[in-house]
Amino acid sequence: MRAERFIQILGADFFTGVPDSALKGLCDCLCERFGTNNSRHLIAANEGNCAAAAAGHYLSTGRVPVVYLQNSGEGNIINPAASLLSPEVYGIPVIFVIGWRGRPGTHDEPQHSFQGKKTLPLLDTMEIPYWIIGEETGEEELSGIMEEAGPLLKNGRQVALVVKSGALVHEKAVYRNGCSLTREEAISLITEFSGEDPVIATTGKAGRELFELRERSGSGHHRDLLTVGSMGHCSSIALGIAMDTSARVWCIDGDGALIMHMGAMAVIGNASPENLVHIVINNCAHESVGGMPTAASSADLPAIARACGYRRAFSADSESSLREVLSRAASERELTFIEVKAAIGSRPDLGRPTVPPSENKAAFMEHLRSLGRK
Ligand SMILES: Cc1ncc(C[n+]2csc(CCOP(=O)(O)OP(=O)(O)O)c2C)c(N)n1
């Protein structure tokens, strides 16, 4: 179905979400039609924030909002769904549109397969009725679903449309930001300076690029934890490691992920491990799922880091400036934040990690042991 028609049939005037590759057609259509971060369309920090913003919209307009998310974000909506939206609390109607990665019977990455199996059972547990939308779902069928959903929404219930990959189509949007350094070039430079130190990469293509760089150089994968899922948490994983390990720990974050759980920065700054280097590849986009904008374009990330207690915070936008700050980070021991202003994009032939997460974990732990504890 055309995403445009899907939006019309839902009949909402407010959409908020975190972008998803399975919902790319819908995300591109919303960005093109409404822009972002205004009263019609908000790309929020995380899916829980979307549920809350949707509640705000309902409270002020009485109109039913739409929250879109990848099923990875289901966990993030559980708390507001249970303690804010629930008919047993405020009873706020919301239409969830959930991209279904890891759908049973299809092949997907390990971080999606368990969540894929639990997508519908979680909705059952939350007493949220759902309908499945596939390529075969026509406009009439969707209109029928919305008619069925109407009385539930009127009674302050939430409903979900669980969307199979590619069911909603739209012309592919291209997102640009004027930067030239690529994420892959930045990661390659980081590995020049990180040597044998552990590297924690964020969810999405950053980890895939790191994996391929190590493949190409034949240097093995034992230094790297790829954080294939758990978006927004790589800096907290790095914090947990840095507090125990004597080696310098390099965290390669993304701006979308950083913003998703930005509260971690306050805790990292407060704990201030002297051996942590927190690098954010800032392309102002959720590049891994299509390039839709994040809120980073209006945020001064190094200033936020400094305000949170990071001892040093830098910004680099070229190979030479990045080299300079990486060399400082590698030679001094102080909690350091580095923003790398990067282009939106990646190689079309970028592969996926061929080492399963369990093997990655075992080799990584062995490597950490060899580096010694604090
Ligand atoms: C909780 C959760 N929500 C959404 C996703 C889908 N997702 C995977 S990567 C990604 C974009 C990450 O953006 P950013 O951190 O800026 O890194 P970039 O892709 O730009 O390198 C998203 C939204 C996810 N994996 N988990």
# chains A, B, ... in the order shown; residues from 1 in each chain; ligands from 1
>>> residues_around(residues="segment 17-30 of chain A", least_positions_apart="6", cutoff="8 Å", atoms="only C-alpha atoms", output="compact mmCIF listing (two decimals) with C-alpha atoms, in the first residue's frame")
# COMPACT_ATOMS: atom_id res chain seq x y z
CA ALA A 3 2.29 5.15 2.63
CA GLU A 4 0.33 8.26 1.69
CA HIS A 41 5.41 14.95 12.94
CA LEU A 42 7.94 14.41 15.70
CA ILE A 43 10.97 12.10 15.58
CA ALA A 44 11.43 11.60 19.30
CA ALA A 45 14.51 10.50 21.25
CA ASN A 46 13.13 7.04 21.97
CA GLU A 47 9.88 5.17 21.61
CA CYS A 50 6.96 9.04 21.49
CA VAL A 67 3.26 6.26 17.30
CA TYR A 68 5.51 4.41 14.84
CA LEU A 69 8.44 2.26 15.86
CA GLN A 70 10.57 -0.74 15.05
CA GLY A 99 7.74 -2.50 12.01
CA TRP A 100 8.13 -6.25 12.36
CA ARG A 101 11.81 -7.19 12.05
CA VAL A 163 3.69 -4.06 9.64
CA LYS A 164 5.75 -6.55 7.65
CA SER A 165 8.91 -5.16 6.02
CA GLY A 166 8.20 -3.19 2.86
CA ALA A 167 4.38 -3.27 3.14
CA LEU A 168 4.22 0.55 3.05
CA VAL A 169 5.85 2.08 0.00
CA HIS A 170 7.00 5.55 -0.95
CA GLU A 171 9.61 7.09 -3.25
CA LYS A 172 13.02 6.65 -1.60
CA ALA A 173 14.08 9.91 0.06
CA HIS A 286 19.37 7.75 11.73
CA SER A 288 21.38 2.94 9.45
CA VAL A 289 17.62 2.85 8.88
CA GLY A 290 17.41 5.30 5.98
CA MET A 292 15.86 10.35 8.68
>>> closest_atom_pairs(of="chain A", to="ligand 1", cutoff="7 Å", atoms="only C-alpha atoms and all ligand atoms", output="Markdown table")
| residue | atom | partner | partner_atom_place_in_ligand_line | distance |
| --- | --- | --- | --- | --- |
| A:Val18 | CA | ligand 1 | 23 (C) | 5.8 |
| A:Pro19 | CA | ligand 1 | 23 (C) | 5.0 |
| A:Asp20 | CA | ligand 1 | 6 (C) | 5.2 |
| A:Asn46 | CA | ligand 1 | 3 (N) | 6.7 |
| A:Glu47 | CA | ligand 1 | 3 (N) | 6.9 |
| A:Leu69 | CA | ligand 1 | 4 (C) | 6.7 |
| A:Gln70 | CA | ligand 1 | 4 (C) | 5.4 |
| A:Ser72 | CA | ligand 1 | 26 (N) | 4.6 |
| A:Gly73 | CA | ligand 1 | 1 (C) | 3.8 |
| A:Asn76 | CA | ligand 1 | 1 (C) | 6.6 |
| A:Thr202 | CA | ligand 1 | 15 (O) | 6.8 |
| A:Thr203 | CA | ligand 1 | 9 (S) | 5.3 |
| A:Gly204 | CA | ligand 1 | 9 (S) | 4.1 |
| A:Lys205 | CA | ligand 1 | 21 (O) | 5.7 |
| A:Ala206 | CA | ligand 1 | 21 (O) | 5.5 |
| A:Gly229 | CA | ligand 1 | 25 (N) | 5.5 |
| A:Ser230 | CA | ligand 1 | 26 (N) | 5.9 |
| A:Met231 | CA | ligand 1 | 26 (N) | 4.6 |
| A:Asp253 | CA | ligand 1 | 15 (O) | 6.4 |
| A:Gly254 | CA | ligand 1 | 15 (O) | 3.3 |
| A:Asp255 | CA | ligand 1 | 16 (O) | 4.0 |
| A:Gly256 | CA | ligand 1 | 16 (O) | 3.4 |
| A:Ala257 | CA | ligand 1 | 15 (O) | 3.7 |
| A:Leu258 | CA | ligand 1 | 15 (O) | 6.4 |
| A:Ile281 | CA | ligand 1 | 21 (O) | 6.8 |
| A:Asn282 | CA | ligand 1 | 16 (O) | 6.6 |
| A:Asn283 | CA | ligand 1 | 20 (O) | 5.8 |
| A:Cys284 | CA | ligand 1 | 16 (O) | 6.5 |
| A:Ala285 | CA | ligand 1 | 20 (O) | 4.8 |
| A:His286 | CA | ligand 1 | 13 (O) | 3.5 |
| A:Glu287 | CA | ligand 1 | 20 (O) | 3.7 |
| A:Ser288 | CA | ligand 1 | 19 (O) | 3.5 |
| A:Val289 | CA | ligand 1 | 10 (C) | 5.4 |
| A:Gly291 | CA | ligand 1 | 20 (O) | 6.8 |
| A:Thr294 | CA | ligand 1 | 16 (O) | 6.9 |
>>> residues_around(residues="Leu153 of chain A", least_positions_apart="5", cutoff="9 Å", atoms="only C-alpha atoms", output="list of chain:residue names")
A:Val64, A:Ile92, A:Pro93, A:Val94, A:Ile95, A:Gln158, A:Val159
>>> write_last_selection(atoms="N, CA and C atoms", output="PDB file, in the first residue's frame")
ATOM      1  N   VAL A  64      -6.754  11.228  18.244  1.00  0.00           N
ATOM      2  CA  VAL A  64      -5.946  10.004  18.426  1.00  0.00           C
ATOM      3  C   VAL A  64      -4.626  10.118  17.659  1.00  0.00           C
ATOM      4  N   ILE A  92      -5.509   6.606  27.482  1.00  0.00           N
ATOM      5  CA  ILE A  92      -5.215   7.497  26.346  1.00  0.00           C
ATOM      6  C   ILE A  92      -5.081   6.660  25.071  1.00  0.00           C
ATOM      7  N   PRO A  93      -5.936   6.923  24.088  1.00  0.00           N
ATOM      8  CA  PRO A  93      -5.900   6.116  22.863  1.00  0.00           C
ATOM      9  C   PRO A  93      -4.697   6.465  21.997  1.00  0.00           C
ATOM     10  N   VAL A  94      -4.046   5.430  21.500  1.00  0.00           N
ATOM     11  CA  VAL A  94      -2.895   5.616  20.602  1.00  0.00           C
ATOM     12  C   VAL A  94      -2.938   4.489  19.573  1.00  0.00           C
ATOM     13  N   ILE A  95      -2.607   4.816  18.328  1.00  0.00           N
ATOM     14  CA  ILE A  95      -2.415   3.775  17.309  1.00  0.00           C
ATOM     15  C   ILE A  95      -0.914   3.546  17.194  1.00  0.00           C
ATOM     16  N   GLN A 158      -5.388   1.312  23.460  1.00  0.00           N
ATOM     17  CA  GLN A 158      -4.428   1.449  22.372  1.00  0.00           C
ATOM     18  C   GLN A 158      -4.600   0.252  21.436  1.00  0.00           C
ATOM     19  N   VAL A 159      -4.279   0.456  20.173  1.00  0.00           N
ATOM     20  CA  VAL A 159      -4.295  -0.650  19.213  1.00  0.00           C
ATOM     21  C   VAL A 159      -2.969  -0.615  18.453  1.00  0.00           C
TER      22      VAL A 159
END
>>> residues_around(residues="Ser327 of chain A", least_positions_apart="6", cutoff="12 Å", atoms="only C-alpha atoms", output="PyMOL selection string")
chain A and resi 189-195+277+320-321+333+336+338
>>> residues_around(residues="Arg347 of chain A", least_positions_apart="4", cutoff="10 Å", atoms="only C-alpha atoms", output="PyMOL selection string")
chain A and resi 182+184+205+209+351
>>> residues_around(residues="Ile9 of chain A", least_positions_apart="5", cutoff="8 Å", atoms="only C-alpha atoms", output="number ranges by chain")
A: 139, 142-143, 146
>>> write_last_selection(atoms="N, CA and C atoms", output="PDB file, in the first residue's frame")
ATOM      1  N   GLU A 139      -6.438  -1.193   0.755  1.00  0.00           N
ATOM      2  CA  GLU A 139      -6.993  -0.009   1.427  1.00  0.00           C
ATOM      3  C   GLU A 139      -8.329  -0.314   2.106  1.00  0.00           C
ATOM      4  N   LEU A 142      -7.738  -2.166   5.318  1.00  0.00           N
ATOM      5  CA  LEU A 142      -7.249  -1.263   6.374  1.00  0.00           C
ATOM      6  C   LEU A 142      -8.390  -0.392   6.905  1.00  0.00           C
ATOM      7  N   SER A 143      -9.253   0.078   6.005  1.00  0.00           N
ATOM      8  CA  SER A 143     -10.393   0.887   6.468  1.00  0.00           C
ATOM      9  C   SER A 143     -11.259   0.063   7.416  1.00  0.00           C
ATOM     10  N   MET A 146      -9.641  -0.124  10.785  1.00  0.00           N
ATOM     11  CA  MET A 146      -9.774   1.120  11.549  1.00  0.00           C
ATOM     12  C   MET A 146     -11.203   1.286  12.087  1.00  0.00           C
TER      13      MET A 146
END
>>> atom_distance(atom1="atom CA of Ile98 of chain A", atom2="atom CA of Ile77 of chain A")
11.2 Å
>>> closest_atom_pairs(of="segment 87-185 of chain A", to="segment 312-317 of chain A", cutoff="9 Å", atoms="only C-alpha atoms", output="tab-separated table")
residue	atom	partner	partner_atom	distance
A:Cys179	CA	A:Asp317	CA	7.5
A:Ser180	CA	A:Asp317	CA	8.0
A:Leu181	CA	A:Asp317	CA	6.7
>>> select_by_dssp(residues="segment 221-370 of chain A", states="strand (DSSP E)", output="PyMOL selection string")
chain A and resi 224-225+249-254+276-282+285-286+292-293+312-316+336-341
>>> write_last_selection(atoms="N, CA and C atoms", output="PDB file, in the first residue's frame")
ATOM      1  N   ASP A 224      36.496  -5.949  19.791  1.00  0.00           N
ATOM      2  CA  ASP A 224      35.276  -5.178  19.545  1.00  0.00           C
ATOM      3  C   ASP A 224      34.014  -5.831  20.093  1.00  0.00           C
ATOM      4  N   LEU A 225      33.199  -5.036  20.748  1.00  0.00           N
ATOM      5  CA  LEU A 225      31.833  -5.470  21.053  1.00  0.00           C
ATOM      6  C   LEU A 225      30.927  -4.660  20.123  1.00  0.00           C
ATOM      7  N   VAL A 249      39.171   2.492  27.030  1.00  0.00           N
ATOM      8  CA  VAL A 249      37.988   1.932  26.363  1.00  0.00           C
ATOM      9  C   VAL A 249      37.453   2.974  25.383  1.00  0.00           C
ATOM     10  N   TRP A 250      37.268   2.544  24.140  1.00  0.00           N
ATOM     11  CA  TRP A 250      36.800   3.457  23.093  1.00  0.00           C
ATOM     12  C   TRP A 250      35.348   3.108  22.762  1.00  0.00           C
ATOM     13  N   CYS A 251      34.482   4.083  22.885  1.00  0.00           N
ATOM     14  CA  CYS A 251      33.070   3.853  22.570  1.00  0.00           C
ATOM     15  C   CYS A 251      32.734   4.636  21.300  1.00  0.00           C
ATOM     16  N   ILE A 252      32.238   3.934  20.296  1.00  0.00           N
ATOM     17  CA  ILE A 252      31.838   4.609  19.047  1.00  0.00           C
ATOM     18  C   ILE A 252      30.312   4.655  19.006  1.00  0.00           C
ATOM     19  N   ASP A 253      29.768   5.822  19.288  1.00  0.00           N
ATOM     20  CA  ASP A 253      28.323   6.016  19.422  1.00  0.00           C
ATOM     21  C   ASP A 253      27.779   6.682  18.151  1.00  0.00           C
ATOM     22  N   GLY A 254      26.461   6.710  18.019  1.00  0.00           N
ATOM     23  CA  GLY A 254      25.816   7.465  16.940  1.00  0.00           C
ATOM     24  C   GLY A 254      24.979   8.559  17.573  1.00  0.00           C
ATOM     25  N   LEU A 276      38.004   6.293  29.611  1.00  0.00           N
ATOM     26  CA  LEU A 276      36.915   6.169  28.618  1.00  0.00           C
ATOM     27  C   LEU A 276      36.977   7.304  27.594  1.00  0.00           C
ATOM     28  N   VAL A 277      36.939   6.910  26.325  1.00  0.00           N
ATOM     29  CA  VAL A 277      36.858   7.886  25.228  1.00  0.00           C
ATOM     30  C   VAL A 277      35.516   7.651  24.529  1.00  0.00           C
ATOM     31  N   HIS A 278      34.630   8.597  24.634  1.00  0.00           N
ATOM     32  CA  HIS A 278      33.270   8.476  24.083  1.00  0.00           C
ATOM     33  C   HIS A 278      33.207   9.301  22.801  1.00  0.00           C
ATOM     34  N   ILE A 279      33.145   8.580  21.692  1.00  0.00           N
ATOM     35  CA  ILE A 279      33.144   9.244  20.381  1.00  0.00           C
ATOM     36  C   ILE A 279      31.745   9.134  19.776  1.00  0.00           C
ATOM     37  N   VAL A 280      31.230  10.238  19.283  1.00  0.00           N
ATOM     38  CA  VAL A 280      29.919  10.195  18.629  1.00  0.00           C
ATOM     39  C   VAL A 280      30.086  10.566  17.167  1.00  0.00           C
ATOM     40  N   ILE A 281      29.744   9.624  16.303  1.00  0.00           N
ATOM     41  CA  ILE A 281      29.772   9.935  14.869  1.00  0.00           C
ATOM     42  C   ILE A 281      28.447  10.634  14.585  1.00  0.00           C
ATOM     43  N   ASN A 282      28.534  11.938  14.426  1.00  0.00           N
ATOM     44  CA  ASN A 282      27.316  12.742  14.327  1.00  0.00           C
ATOM     45  C   ASN A 282      27.018  13.097  12.873  1.00  0.00           C
ATOM     46  N   ALA A 285      21.602  12.105  11.718  1.00  0.00           N
ATOM     47  CA  ALA A 285      20.631  11.239  11.036  1.00  0.00           C
ATOM     48  C   ALA A 285      20.620   9.849  11.647  1.00  0.00           C
ATOM     49  N   HIS A 286      19.476   9.177  11.443  1.00  0.00           N
ATOM     50  CA  HIS A 286      19.374   7.747  11.734  1.00  0.00           C
ATOM     51  C   HIS A 286      19.791   7.030  10.453  1.00  0.00           C
ATOM     52  N   MET A 292      16.785   9.345   8.155  1.00  0.00           N
ATOM     53  CA  MET A 292      15.859  10.351   8.680  1.00  0.00           C
ATOM     54  C   MET A 292      16.544  11.161   9.787  1.00  0.00           C
ATOM     55  N   PRO A 293      16.171  12.457   9.909  1.00  0.00           N
ATOM     56  CA  PRO A 293      16.914  13.328  10.829  1.00  0.00           C
ATOM     57  C   PRO A 293      16.757  12.985  12.317  1.00  0.00           C
ATOM     58  N   ARG A 312      37.127  16.579  28.973  1.00  0.00           N
ATOM     59  CA  ARG A 312      37.521  17.222  27.711  1.00  0.00           C
ATOM     60  C   ARG A 312      36.497  16.855  26.646  1.00  0.00           C
ATOM     61  N   ALA A 313      36.158  17.807  25.795  1.00  0.00           N
ATOM     62  CA  ALA A 313      35.211  17.525  24.714  1.00  0.00           C
ATOM     63  C   ALA A 313      35.663  18.258  23.461  1.00  0.00           C
ATOM     64  N   PHE A 314      35.739  17.508  22.380  1.00  0.00           N
ATOM     65  CA  PHE A 314      36.235  18.061  21.114  1.00  0.00           C
ATOM     66  C   PHE A 314      35.216  17.820  20.010  1.00  0.00           C
ATOM     67  N   SER A 315      35.406  18.572  18.918  1.00  0.00           N
ATOM     68  CA  SER A 315      34.617  18.307  17.717  1.00  0.00           C
ATOM     69  C   SER A 315      35.581  18.274  16.535  1.00  0.00           C
ATOM     70  N   ALA A 316      35.395  17.321  15.641  1.00  0.00           N
ATOM     71  CA  ALA A 316      36.268  17.212  14.464  1.00  0.00           C
ATOM     72  C   ALA A 316      35.401  17.000  13.241  1.00  0.00           C
ATOM     73  N   THR A 336      37.058  11.586  27.998  1.00  0.00           N
ATOM     74  CA  THR A 336      37.079  12.437  26.797  1.00  0.00           C
ATOM     75  C   THR A 336      35.861  12.180  25.923  1.00  0.00           C
ATOM     76  N   PHE A 337      35.321  13.255  25.387  1.00  0.00           N
ATOM     77  CA  PHE A 337      34.210  13.157  24.440  1.00  0.00           C
ATOM     78  C   PHE A 337      34.674  13.734  23.109  1.00  0.00           C
ATOM     79  N   ILE A 338      34.391  13.016  22.037  1.00  0.00           N
ATOM     80  CA  ILE A 338      34.750  13.520  20.700  1.00  0.00           C
ATOM     81  C   ILE A 338      33.525  13.438  19.796  1.00  0.00           C
ATOM     82  N   GLU A 339      33.143  14.565  19.244  1.00  0.00           N
ATOM     83  CA  GLU A 339      32.089  14.559  18.221  1.00  0.00           C
ATOM     84  C   GLU A 339      32.775  14.542  16.861  1.00  0.00           C
ATOM     85  N   VAL A 340      32.352  13.631  15.997  1.00  0.00           N
ATOM     86  CA  VAL A 340      32.874  13.607  14.623  1.00  0.00           C
ATOM     87  C   VAL A 340      31.725  13.981  13.704  1.00  0.00           C
ATOM     88  N   LYS A 341      31.865  15.113  13.040  1.00  0.00           N
ATOM     89  CA  LYS A 341      30.794  15.528  12.118  1.00  0.00           C
ATOM     90  C   LYS A 341      30.969  14.748  10.824  1.00  0.00           C
TER      91      LYS A 341
END
>>> atom_distance(atom1="atom CA of Thr245 of chain A", atom2="atom CA of Leu368 of chain A")
7.3 Å
>>> select_by_dssp(residues="segment 53-286 of chain A", states="helix (DSSP H, G or I)", output="JSON, numbers by chain")
{"A": [53, 54, 55, 56, 57, 58, 59, 60, 61, 71, 72, 73, 74, 75, 76, 77, 78, 79, 80, 81, 82, 83, 84, 85, 110, 111, 112, 113, 114, 115, 116, 117, 118, 119, 120, 121, 122, 123, 124, 125, 139, 140, 141, 142, 143, 144, 145, 146, 147, 148, 149, 150, 151, 152, 153, 154, 183, 184, 185, 186, 187, 188, 189, 190, 191, 192, 193, 194, 205, 206, 207, 208, 209, 210, 211, 212, 213, 214, 215, 216, 217, 234, 235, 236, 237, 238, 239, 240, 241, 242, 255, 256, 257, 258, 259, 260, 263, 264, 265, 266, 267, 268, 269, 270, 271]}
>>> write_last_selection(atoms="C-alpha atoms", output="mmCIF file, in the first residue's frame")
data_model
loop_
_atom_site.group_PDB
_atom_site.id
_atom_site.type_symbol
_atom_site.label_atom_id
_atom_site.label_comp_id
_atom_site.auth_asym_id
_atom_site.auth_seq_id
_atom_site.Cartn_x
_atom_site.Cartn_y
_atom_site.Cartn_z
ATOM 1 C CA ALA A 53 4.395 13.025 23.293
ATOM 2 C CA ALA A 54 1.417 11.213 21.777
ATOM 3 C CA ALA A 55 -0.314 11.398 25.168
ATOM 4 C CA GLY A 56 0.387 15.132 25.254
ATOM 5 C CA HIS A 57 -1.143 15.544 21.807
ATOM 6 C CA TYR A 58 -4.267 13.647 22.862
ATOM 7 C CA LEU A 59 -4.585 15.641 26.091
ATOM 8 C CA SER A 60 -4.448 18.931 24.242
ATOM 9 C CA THR A 61 -6.536 18.051 21.172
ATOM 10 C CA ASN A 71 9.607 -3.722 17.208
ATOM 11 C CA SER A 72 13.036 -3.278 18.890
ATOM 12 C CA GLY A 73 11.448 -0.242 20.535
ATOM 13 C CA GLU A 74 8.540 -2.196 22.040
ATOM 14 C CA GLY A 75 10.476 -2.431 25.297
ATOM 15 C CA ASN A 76 10.782 1.343 25.415
ATOM 16 C CA ILE A 77 6.999 1.815 25.185
ATOM 17 C CA ILE A 78 6.068 -0.743 27.847
ATOM 18 C CA ASN A 79 6.460 1.631 30.786
ATOM 19 C CA PRO A 80 4.406 4.529 29.379
ATOM 20 C CA ALA A 81 1.896 2.056 27.913
ATOM 21 C CA ALA A 82 1.422 0.377 31.308
ATOM 22 C CA SER A 83 1.552 3.400 33.578
ATOM 23 C CA LEU A 84 0.359 6.337 31.452
ATOM 24 C CA LEU A 85 -1.749 5.218 28.477
ATOM 25 C CA PRO A 110 20.290 -12.319 15.568
ATOM 26 C CA GLN A 111 19.303 -9.130 17.420
ATOM 27 C CA HIS A 112 15.937 -9.215 15.633
ATOM 28 C CA SER A 113 14.968 -12.867 15.824
ATOM 29 C CA PHE A 114 14.084 -13.081 19.548
ATOM 30 C CA GLN A 115 12.305 -9.711 19.487
ATOM 31 C CA GLY A 116 10.543 -10.827 16.305
ATOM 32 C CA LYS A 117 9.145 -13.872 18.102
ATOM 33 C CA LYS A 118 8.040 -11.801 21.096
ATOM 34 C CA THR A 119 6.456 -8.926 19.166
ATOM 35 C CA LEU A 120 2.884 -10.266 19.232
ATOM 36 C CA PRO A 121 3.097 -11.986 22.664
ATOM 37 C CA LEU A 122 4.231 -8.657 24.180
ATOM 38 C CA LEU A 123 1.179 -6.930 22.712
ATOM 39 C CA ASP A 124 -1.015 -9.742 24.072
ATOM 40 C CA THR A 125 0.516 -9.280 27.524
ATOM 41 C CA GLU A 139 -6.993 -0.009 1.427
ATOM 42 C CA GLU A 140 -10.441 -1.474 1.996
ATOM 43 C CA GLU A 141 -9.110 -3.998 4.479
ATOM 44 C CA LEU A 142 -7.249 -1.263 6.374
ATOM 45 C CA SER A 143 -10.393 0.887 6.468
ATOM 46 C CA GLY A 144 -12.224 -2.111 7.948
ATOM 47 C CA ILE A 145 -9.520 -2.536 10.574
ATOM 48 C CA MET A 146 -9.774 1.120 11.549
ATOM 49 C CA GLU A 147 -13.551 0.788 11.860
ATOM 50 C CA GLU A 148 -13.039 -2.148 14.219
ATOM 51 C CA ALA A 149 -10.416 -0.202 16.161
ATOM 52 C CA GLY A 150 -12.652 2.875 16.492
ATOM 53 C CA PRO A 151 -14.711 1.795 19.553
ATOM 54 C CA LEU A 152 -11.565 0.536 21.320
ATOM 55 C CA LEU A 153 -9.836 3.869 20.801
ATOM 56 C CA LYS A 154 -12.976 5.706 21.961
ATOM 57 C CA ARG A 183 31.506 7.234 9.195
ATOM 58 C CA GLU A 184 33.619 4.424 7.796
ATOM 59 C CA GLU A 185 36.655 6.730 7.347
ATOM 60 C CA ALA A 186 36.208 7.977 10.904
ATOM 61 C CA ILE A 187 35.983 4.440 12.311
ATOM 62 C CA SER A 188 39.047 3.410 10.329
ATOM 63 C CA LEU A 189 40.996 6.319 11.871
ATOM 64 C CA ILE A 190 39.754 5.433 15.362
ATOM 65 C CA THR A 191 41.097 1.881 14.981
ATOM 66 C CA GLU A 192 44.526 3.330 14.080
ATOM 67 C CA PHE A 193 44.644 4.928 17.522
ATOM 68 C CA SER A 194 42.789 2.349 19.614
ATOM 69 C CA LYS A 205 26.025 0.293 10.469
ATOM 70 C CA ALA A 206 28.861 1.550 12.721
ATOM 71 C CA GLY A 207 29.353 -1.971 14.080
ATOM 72 C CA ARG A 208 29.036 -3.460 10.609
ATOM 73 C CA GLU A 209 31.689 -1.094 9.270
ATOM 74 C CA LEU A 210 34.000 -1.831 12.200
ATOM 75 C CA PHE A 211 33.536 -5.551 11.561
ATOM 76 C CA GLU A 212 34.429 -5.180 7.877
ATOM 77 C CA LEU A 213 37.449 -2.994 8.622
ATOM 78 C CA ARG A 214 38.812 -5.697 10.950
ATOM 79 C CA GLU A 215 37.996 -8.358 8.341
ATOM 80 C CA ARG A 216 39.920 -6.462 5.665
ATOM 81 C CA SER A 217 42.940 -5.852 7.886
ATOM 82 C CA CYS A 234 26.710 1.306 24.055
ATOM 83 C CA SER A 235 28.093 4.172 26.161
ATOM 84 C CA SER A 236 26.737 2.555 29.335
ATOM 85 C CA ILE A 237 28.270 -0.782 28.324
ATOM 86 C CA ALA A 238 31.564 1.071 27.783
ATOM 87 C CA LEU A 239 31.188 2.740 31.198
ATOM 88 C CA GLY A 240 30.661 -0.627 32.874
ATOM 89 C CA ILE A 241 33.802 -1.971 31.219
ATOM 90 C CA ALA A 242 35.916 1.142 31.813
ATOM 91 C CA ASP A 255 23.917 10.714 17.434
ATOM 92 C CA GLY A 256 20.535 8.951 17.249
ATOM 93 C CA ALA A 257 21.653 6.396 19.810
ATOM 94 C CA LEU A 258 23.284 9.022 22.038
ATOM 95 C CA ILE A 259 20.100 11.086 22.071
ATOM 96 C CA MET A 260 17.956 7.978 22.624
ATOM 97 C CA GLY A 263 20.803 10.497 30.423
ATOM 98 C CA ALA A 264 23.745 8.082 30.325
ATOM 99 C CA MET A 265 26.026 11.064 29.642
ATOM 100 C CA ALA A 266 25.239 12.624 33.023
ATOM 101 C CA VAL A 267 26.135 9.380 34.769
ATOM 102 C CA ILE A 268 29.324 8.878 32.732
ATOM 103 C CA GLY A 269 30.378 12.462 33.511
ATOM 104 C CA ASN A 270 29.617 11.905 37.178
ATOM 105 C CA ALA A 271 31.517 8.593 37.346
#
>>> residues_around(residues="Glu334 of chain A", least_positions_apart="2", cutoff="7 Å", atoms="only C-alpha atoms", output="PyMOL selection string")
chain A and resi 274-275+311+332+336
>>> atom_distance(atom1="atom CA of Phe6 of chain A", atom2="atom CA of Gly138 of chain A")
9.5 Å
>>> closest_residue(among="A:Val66, A:Leu10, A:Cys31, A:Ile200", to="His233 of chain A", atoms="only C-alpha atoms")
A:Ile200
>>> decode(residues="segment 22-41 of chain A", atoms="C-alpha atoms", output="PDB file, in the first residue's frame")
ATOM      1  CA  ALA A  22      10.884  -1.903   7.892  1.00  0.00           C
ATOM      2  CA  LEU A  23       8.784   1.289   7.904  1.00  0.00           C
ATOM      3  CA  LYS A  24      11.051   3.285   5.586  1.00  0.00           C
ATOM      4  CA  GLY A  25       8.220   4.101   3.161  1.00  0.00           C
ATOM      5  CA  LEU A  26       6.111   5.519   5.993  1.00  0.00           C
ATOM      6  CA  CYS A  27       9.038   7.459   7.537  1.00  0.00           C
ATOM      7  CA  ASP A  28      10.069   8.976   4.180  1.00  0.00           C
ATOM      8  CA  CYS A  29       6.479   9.924   3.419  1.00  0.00           C
ATOM      9  CA  LEU A  30       6.008  11.612   6.819  1.00  0.00           C
ATOM     10  CA  CYS A  31       9.301  13.522   6.504  1.00  0.00           C
ATOM     11  CA  GLU A  32       8.446  14.656   2.978  1.00  0.00           C
ATOM     12  CA  ARG A  33       4.879  15.616   3.778  1.00  0.00           C
ATOM     13  CA  PHE A  34       5.224  17.230   7.184  1.00  0.00           C
ATOM     14  CA  GLY A  35       8.945  17.799   7.783  1.00  0.00           C
ATOM     15  CA  THR A  36      10.013  16.919  11.309  1.00  0.00           C
ATOM     16  CA  ASN A  37       9.720  18.081  14.863  1.00  0.00           C
ATOM     17  CA  ASN A  38       6.611  20.164  14.491  1.00  0.00           C
ATOM     18  CA  SER A  39       2.976  19.744  15.524  1.00  0.00           C
ATOM     19  CA  ARG A  40       2.321  17.152  12.775  1.00  0.00           C
ATOM     20  CA  HIS A  41       5.415  14.945  12.938  1.00  0.00           C
TER      21      HIS A  41
END
